[in-house]
Amino acid sequence: MAKRFETDVIHHGYDSKEHFDSLASPIYQTSTFTFANAEQGERRFAGEESGYIYSRLGNPTVSQLEERIATLENGEAALAFSSGMAAVSATLIALTRANDHILCSQGLYGCTFGLLEMLKEKYYIESDFSLMDSEQSLRAAIQENTACIYVETPINPTMKVIDLEMVARVAKEYGIPVVVDNTFSSPYLQRPIDLGCDIVIHSATKYIGGHGDVIAGLLVGRQEFISEVAMTTQKDIGGTISPFDAWLLLRGLKTLPVRMDRHSFNAEQVVNQLKDHPKIKRVYYPFDPSNPDYEIAKKQMKLGAGVIAFEIDGGKQEAQAFLNCLSFIKIAVSLGDAETLIQHPATMTHAVVPEESRLKMGITDSLIRMSCGLEAWEDIWKDLQHSLDQVKSKTLS
Ligand code: LCS
């Protein structure tokens with residue numbers, strides 16, 4: 001029986017009676033599985049008998065994670081990967097062939113952009129970008145050879161929001177699958193499959209893990225597609241997750257709703273303060289009522305999550321000086337951890353994106369991205385405020 005999200009995130013797919021009454025799920029830390037005899041091995045390889053073979057092809061701890069995330073995203077099936085990029089690459093390679101076209105949101109994580117460039121150069125898979133800010137702009141960007149639409153929302157790092165229901169509706173008319181990178185929301189705040197999209201990807205390194213101690217990826221979709229990826233781009237390219245990392249994600253998931261409520265609350269408080277600071281030019285946060293994307297964000301997200309982007313008065317020098325003056329807020333890429341993390345996208349997460357494309361995405365030299373952690377928001381704000389004051393005096397001196 002399906003239960004509420006907050007219950008499924010803790011219990012779905014695990015029955016302690018099957019595991020010596022162990023409250024915590026066991027870790028099947030094994031590379032391979034033994035067969036009772038040669039004939040059983042033959043049957044398992046032929047797919048005539050279910051059962052595990054080798055942990056690159058499947059593992060009970062990993063299966064438990066896959067079953068749980070599939071339910072949380074309201075999808076039919078899921079696969080876990082060794083990184084978010086392993087999930088992104090396995091998906092895009094499975095969906096395309098030479099001379100196809102991938103249509104992307106105007107803004108993507110830097111390494112996803114890098115992957116698209118490689119697919120273009122080496123495998124003749126074209127890609128380009130659309131603002132997707134209206135049905136017309138989306139229709140105009142779809143080509144005859146568009147094999148999939150790939151969307152991040154909110155977009156890393158600009159926090160722009162794409163209307164997923166609109167994209168799914170238009171894509172359906174053309175029979176094009178929609179892939180959504182749901183990393184910045186998590187399934188607690190946004191469920192793209194419920195909005196009509198086909199495939200969901202996560203860098204589980206972020207909110208799903210939640211504690212900055214694991215690199216992992218997840219993919220959710222229809223059973224047929226998931227089985228195809230499992231037997232091709234996951235099995236043969238091999239970006240499989242380790243059982244221990246799958247276990248860390250299962251553990252992190254249990255507190256996802258509690259953490260997301262707190263990340264979102266902290267971010268909203270900090271946004272309200274930042275907006276009034278004279279050294280801050282602009283603040284980008286989906287749940288800020290003055291954000292042009294606010295209505296769409298409200299329609300498809302439960303809360304705004306923890307990431308804030310803002311532009312500091314000045315350029316790269318001021319942005320770096322500001323980061324260098326912070327005290328407990330850590331200068332680091334990644335996001336969704338208990339610790340507040342801050343970074344400079346132009347020289348860090350999106351440094352691989354050529355300047356022209358970067359500026360088109362809205363990533364200026366003065367843009368800073370911060371992942372609000374779970375600390376007291378008053379302390380986060382104090383640290384930011386103190387550092388902003390320092391930058392001012394440094395620039396004046
Ligand atoms: N998708 C998004 C939206 C991401 O932000 C990232 C990583 C990935 C996919 C790839 O996931 P990974 O392989 O790292 O698990 N984003 C990072 C970021 O913004 N800072 O550091 C990594």
# chains A, B, ... in the order shown; residues from 1 in each chain; ligands from 1

call {"tool": "residues_near_ligand", "arguments": {"ligand": "ligand 1", "cutoff": "7 Å", "atoms": "only C-alpha atoms and all ligand atoms", "output": "list of chain:residue names"}}
result
A:Ser83, A:Gly84, A:Met85, A:Ala86, A:Val88, A:Leu108, A:Tyr109, A:Cys111, A:Thr112, A:Glu152, A:Asn156, A:Asp181, A:Thr183, A:Phe184, A:His202, A:Ser203, A:Ala204, A:Thr205, A:Ile215, A:Ala216, A:Gly217, A:Val333, A:Ser334, A:Leu335, A:Thr349

call {"tool": "residues_around", "arguments": {"residues": "region 307-310 of chain A", "least_positions_apart": "3", "cutoff": "10 Å", "atoms": "only C-alpha atoms", "output": "PDB file with N, CA and C atoms, in the first residue's frame"}}
result
ATOM      1  N   PRO A 154      15.069  23.916 -10.779  1.00  0.00           N
ATOM      2  CA  PRO A 154      15.771  25.145 -11.081  1.00  0.00           C
ATOM      3  C   PRO A 154      17.141  24.855 -11.717  1.00  0.00           C
ATOM      4  N   ASN A 156      21.018  25.096 -12.579  1.00  0.00           N
ATOM      5  CA  ASN A 156      22.294  25.301 -11.901  1.00  0.00           C
ATOM      6  C   ASN A 156      23.143  26.257 -12.734  1.00  0.00           C
ATOM      7  N   PRO A 157      23.582  27.389 -12.267  1.00  0.00           N
ATOM      8  CA  PRO A 157      23.431  27.957 -10.934  1.00  0.00           C
ATOM      9  C   PRO A 157      22.477  29.147 -10.890  1.00  0.00           C
ATOM     10  N   THR A 158      21.794  29.441 -11.988  1.00  0.00           N
ATOM     11  CA  THR A 158      21.059  30.721 -12.057  1.00  0.00           C
ATOM     12  C   THR A 158      19.703  30.665 -11.367  1.00  0.00           C
ATOM     13  N   MET A 159      19.236  29.456 -11.039  1.00  0.00           N
ATOM     14  CA  MET A 159      17.965  29.250 -10.330  1.00  0.00           C
ATOM     15  C   MET A 159      16.740  29.640 -11.161  1.00  0.00           C
ATOM     16  N   LYS A 160      16.921  29.732 -12.503  1.00  0.00           N
ATOM     17  CA  LYS A 160      15.749  29.970 -13.352  1.00  0.00           C
ATOM     18  C   LYS A 160      14.872  28.721 -13.306  1.00  0.00           C
ATOM     19  N   PHE A 184      18.126  19.891  -8.048  1.00  0.00           N
ATOM     20  CA  PHE A 184      17.982  21.095  -7.226  1.00  0.00           C
ATOM     21  C   PHE A 184      16.691  21.119  -6.405  1.00  0.00           C
ATOM     22  N   SER A 185      15.770  20.171  -6.647  1.00  0.00           N
ATOM     23  CA  SER A 185      14.522  20.171  -5.882  1.00  0.00           C
ATOM     24  C   SER A 185      14.396  18.973  -4.958  1.00  0.00           C
ATOM     25  N   HIS A 263      16.227  23.507   4.860  1.00  0.00           N
ATOM     26  CA  HIS A 263      17.017  24.200   3.818  1.00  0.00           C
ATOM     27  C   HIS A 263      16.187  25.351   3.229  1.00  0.00           C
ATOM     28  N   SER A 264      14.913  25.050   2.942  1.00  0.00           N
ATOM     29  CA  SER A 264      14.052  26.034   2.277  1.00  0.00           C
ATOM     30  C   SER A 264      13.768  27.214   3.208  1.00  0.00           C
ATOM     31  N   ASN A 266      15.621  28.265   5.731  1.00  0.00           N
ATOM     32  CA  ASN A 266      16.846  29.059   5.883  1.00  0.00           C
ATOM     33  C   ASN A 266      17.088  29.928   4.654  1.00  0.00           C
ATOM     34  N   ALA A 267      16.895  29.322   3.468  1.00  0.00           N
ATOM     35  CA  ALA A 267      17.150  30.074   2.231  1.00  0.00           C
ATOM     36  C   ALA A 267      16.199  31.276   2.134  1.00  0.00           C
ATOM     37  N   GLU A 268      14.934  31.064   2.466  1.00  0.00           N
ATOM     38  CA  GLU A 268      13.965  32.176   2.382  1.00  0.00           C
ATOM     39  C   GLU A 268      14.355  33.322   3.310  1.00  0.00           C
ATOM     40  N   VAL A 270      17.379  34.061   4.442  1.00  0.00           N
ATOM     41  CA  VAL A 270      18.609  34.708   3.965  1.00  0.00           C
ATOM     42  C   VAL A 270      18.316  35.571   2.732  1.00  0.00           C
ATOM     43  N   VAL A 271      17.447  35.083   1.846  1.00  0.00           N
ATOM     44  CA  VAL A 271      17.072  35.858   0.652  1.00  0.00           C
ATOM     45  C   VAL A 271      16.465  37.200   1.082  1.00  0.00           C
ATOM     46  N   LEU A 274      19.344  39.404   2.121  1.00  0.00           N
ATOM     47  CA  LEU A 274      20.249  39.754   1.007  1.00  0.00           C
ATOM     48  C   LEU A 274      19.643  40.820   0.101  1.00  0.00           C
ATOM     49  N   LYS A 275      18.330  40.695  -0.129  1.00  0.00           N
ATOM     50  CA  LYS A 275      17.650  41.595  -1.070  1.00  0.00           C
ATOM     51  C   LYS A 275      17.779  43.067  -0.668  1.00  0.00           C
ATOM     52  N   ILE A 280      24.461  44.058  -2.722  1.00  0.00           N
ATOM     53  CA  ILE A 280      23.898  42.969  -3.532  1.00  0.00           C
ATOM     54  C   ILE A 280      23.027  43.571  -4.638  1.00  0.00           C
ATOM     55  N   LYS A 281      23.390  43.234  -5.887  1.00  0.00           N
ATOM     56  CA  LYS A 281      22.648  43.806  -7.030  1.00  0.00           C
ATOM     57  C   LYS A 281      21.348  43.066  -7.293  1.00  0.00           C
ATOM     58  N   ARG A 282      21.450  41.718  -7.293  1.00  0.00           N
ATOM     59  CA  ARG A 282      20.250  40.911  -7.566  1.00  0.00           C
ATOM     60  C   ARG A 282      20.323  39.593  -6.823  1.00  0.00           C
ATOM     61  N   VAL A 283      19.142  39.084  -6.493  1.00  0.00           N
ATOM     62  CA  VAL A 283      19.064  37.781  -5.826  1.00  0.00           C
ATOM     63  C   VAL A 283      18.139  36.900  -6.655  1.00  0.00           C
ATOM     64  N   TYR A 284      18.544  35.649  -6.854  1.00  0.00           N
ATOM     65  CA  TYR A 284      17.729  34.718  -7.633  1.00  0.00           C
ATOM     66  C   TYR A 284      17.326  33.544  -6.743  1.00  0.00           C
ATOM     67  N   TYR A 285      16.033  33.445  -6.467  1.00  0.00           N
ATOM     68  CA  TYR A 285      15.534  32.341  -5.640  1.00  0.00           C
ATOM     69  C   TYR A 285      14.109  32.041  -6.090  1.00  0.00           C
ATOM     70  N   PRO A 286      13.785  30.779  -6.408  1.00  0.00           N
ATOM     71  CA  PRO A 286      12.476  30.464  -7.010  1.00  0.00           C
ATOM     72  C   PRO A 286      11.275  30.941  -6.198  1.00  0.00           C
ATOM     73  N   GLY A 304      11.083  26.299  -2.030  1.00  0.00           N
ATOM     74  CA  GLY A 304      12.127  26.769  -2.954  1.00  0.00           C
ATOM     75  C   GLY A 304      13.469  26.065  -2.866  1.00  0.00           C
ATOM     76  N   ASP A 313      27.870  43.544  -6.009  1.00  0.00           N
ATOM     77  CA  ASP A 313      28.267  44.767  -6.700  1.00  0.00           C
ATOM     78  C   ASP A 313      29.763  44.648  -7.024  1.00  0.00           C
ATOM     79  N   LEU A 335      26.380  20.974  -3.244  1.00  0.00           N
ATOM     80  CA  LEU A 335      25.260  21.646  -2.593  1.00  0.00           C
ATOM     81  C   LEU A 335      24.409  20.596  -1.889  1.00  0.00           C
ATOM     82  N   GLY A 336      23.468  21.078  -1.076  1.00  0.00           N
ATOM     83  CA  GLY A 336      22.524  20.156  -0.437  1.00  0.00           C
ATOM     84  C   GLY A 336      23.056  19.482   0.807  1.00  0.00           C
ATOM     85  N   THR A 340      26.652  25.037   5.050  1.00  0.00           N
ATOM     86  CA  THR A 340      26.441  26.038   3.996  1.00  0.00           C
ATOM     87  C   THR A 340      27.702  26.099   3.129  1.00  0.00           C
ATOM     88  N   LEU A 341      27.494  25.950   1.811  1.00  0.00           N
ATOM     89  CA  LEU A 341      28.611  25.951   0.858  1.00  0.00           C
ATOM     90  C   LEU A 341      28.418  27.099  -0.123  1.00  0.00           C
ATOM     91  N   ILE A 342      29.510  27.718  -0.499  1.00  0.00           N
ATOM     92  CA  ILE A 342      29.429  28.873  -1.409  1.00  0.00           C
ATOM     93  C   ILE A 342      30.499  28.736  -2.487  1.00  0.00           C
ATOM     94  N   GLN A 343      30.168  29.174  -3.693  1.00  0.00           N
ATOM     95  CA  GLN A 343      31.141  29.043  -4.789  1.00  0.00           C
ATOM     96  C   GLN A 343      30.910  30.112  -5.845  1.00  0.00           C
ATOM     97  N   HIS A 344      31.898  30.241  -6.745  1.00  0.00           N
ATOM     98  CA  HIS A 344      31.872  31.254  -7.808  1.00  0.00           C
ATOM     99  C   HIS A 344      31.749  30.512  -9.141  1.00  0.00           C
ATOM    100  N   PRO A 345      30.517  30.370  -9.676  1.00  0.00           N
ATOM    101  CA  PRO A 345      30.285  29.530 -10.854  1.00  0.00           C
ATOM    102  C   PRO A 345      31.190  29.836 -12.056  1.00  0.00           C
ATOM    103  N   ILE A 363      25.467  33.589 -16.358  1.00  0.00           N
ATOM    104  CA  ILE A 363      26.528  33.400 -15.355  1.00  0.00           C
ATOM    105  C   ILE A 363      27.589  34.483 -15.542  1.00  0.00           C
ATOM    106  N   SER A 366      30.101  38.334 -11.516  1.00  0.00           N
ATOM    107  CA  SER A 366      29.699  38.771 -10.168  1.00  0.00           C
ATOM    108  C   SER A 366      28.691  37.802  -9.531  1.00  0.00           C
ATOM    109  N   LEU A 367      28.364  36.724 -10.255  1.00  0.00           N
ATOM    110  CA  LEU A 367      27.372  35.772  -9.722  1.00  0.00           C
ATOM    111  C   LEU A 367      28.002  34.817  -8.702  1.00  0.00           C
ATOM    112  N   ILE A 368      27.312  34.673  -7.598  1.00  0.00           N
ATOM    113  CA  ILE A 368      27.757  33.767  -6.529  1.00  0.00           C
ATOM    114  C   ILE A 368      26.621  32.791  -6.244  1.00  0.00           C
ATOM    115  N   ARG A 369      26.957  31.522  -6.018  1.00  0.00           N
ATOM    116  CA  ARG A 369      25.914  30.543  -5.677  1.00  0.00           C
ATOM    117  C   ARG A 369      26.160  30.029  -4.269  1.00  0.00           C
ATOM    118  N   MET A 370      25.097  30.012  -3.492  1.00  0.00           N
ATOM    119  CA  MET A 370      25.234  29.521  -2.121  1.00  0.00           C
ATOM    120  C   MET A 370      24.195  28.445  -1.835  1.00  0.00           C
ATOM    121  N   SER A 371      24.651  27.355  -1.254  1.00  0.00           N
ATOM    122  CA  SER A 371      23.736  26.301  -0.816  1.00  0.00           C
ATOM    123  C   SER A 371      23.541  26.482   0.686  1.00  0.00           C
ATOM    124  N   CYS A 372      22.345  26.937   1.076  1.00  0.00           N
ATOM    125  CA  CYS A 372      22.065  27.169   2.500  1.00  0.00           C
ATOM    126  C   CYS A 372      22.046  25.841   3.233  1.00  0.00           C
ATOM    127  N   GLY A 373      22.829  25.735   4.259  1.00  0.00           N
ATOM    128  CA  GLY A 373      22.880  24.498   5.037  1.00  0.00           C
ATOM    129  C   GLY A 373      21.797  24.465   6.106  1.00  0.00           C
TER     130      GLY A 373
END

call {"tool": "residues_around", "arguments": {"residues": "Gly110 (chain A)", "least_positions_apart": "5", "cutoff": "7 Å", "atoms": "only C-alpha atoms", "output": "PyMOL selection string"}}
result
chain A and resi 349-350+352-353

call {"tool": "closest_residue", "arguments": {"among": "A:Glu144, A:Asp8, A:Asp365, A:Asp198", "to": "Val178 (chain A)", "atoms": "only C-alpha atoms"}}
result
A:Asp198

call {"tool": "select_by_dssp", "arguments": {"residues": "region 39-97 of chain A", "states": "helix (DSSP H, G or I)", "output": "PyMOL selection string"}}
result
chain A and resi 39-46+60-72+84-95

call {"tool": "select_by_dssp", "arguments": {"residues": "region 122-351 of chain A", "states": "strand (DSSP E)", "output": "MDAnalysis selection string"}}
result
chainID A and resid 126:130 146:152 178:181 199:203 217:221 280:284 307:312 330:331 341:343

call {"tool": "residues_around", "arguments": {"residues": "Ser186 (chain A)", "least_positions_apart": "5", "cutoff": "9 Å", "atoms": "only C-alpha atoms", "output": "list in words"}}
result
Glu73, Arg191, His202, Ala204, Lys206, Tyr207, Ile208, Leu256, Met260 and Ala305 of chain A

call {"tool": "residues_around", "arguments": {"residues": "region 56-72 of chain A", "least_positions_apart": "3", "cutoff": "8 Å", "atoms": "only C-alpha atoms", "output": "ChimeraX atom specification"}}
result
/A:5,8-9,12-14,25-28,31,52-53,75-80,187-188,218,220-221,230,235,238,240-243,246-247,249-250
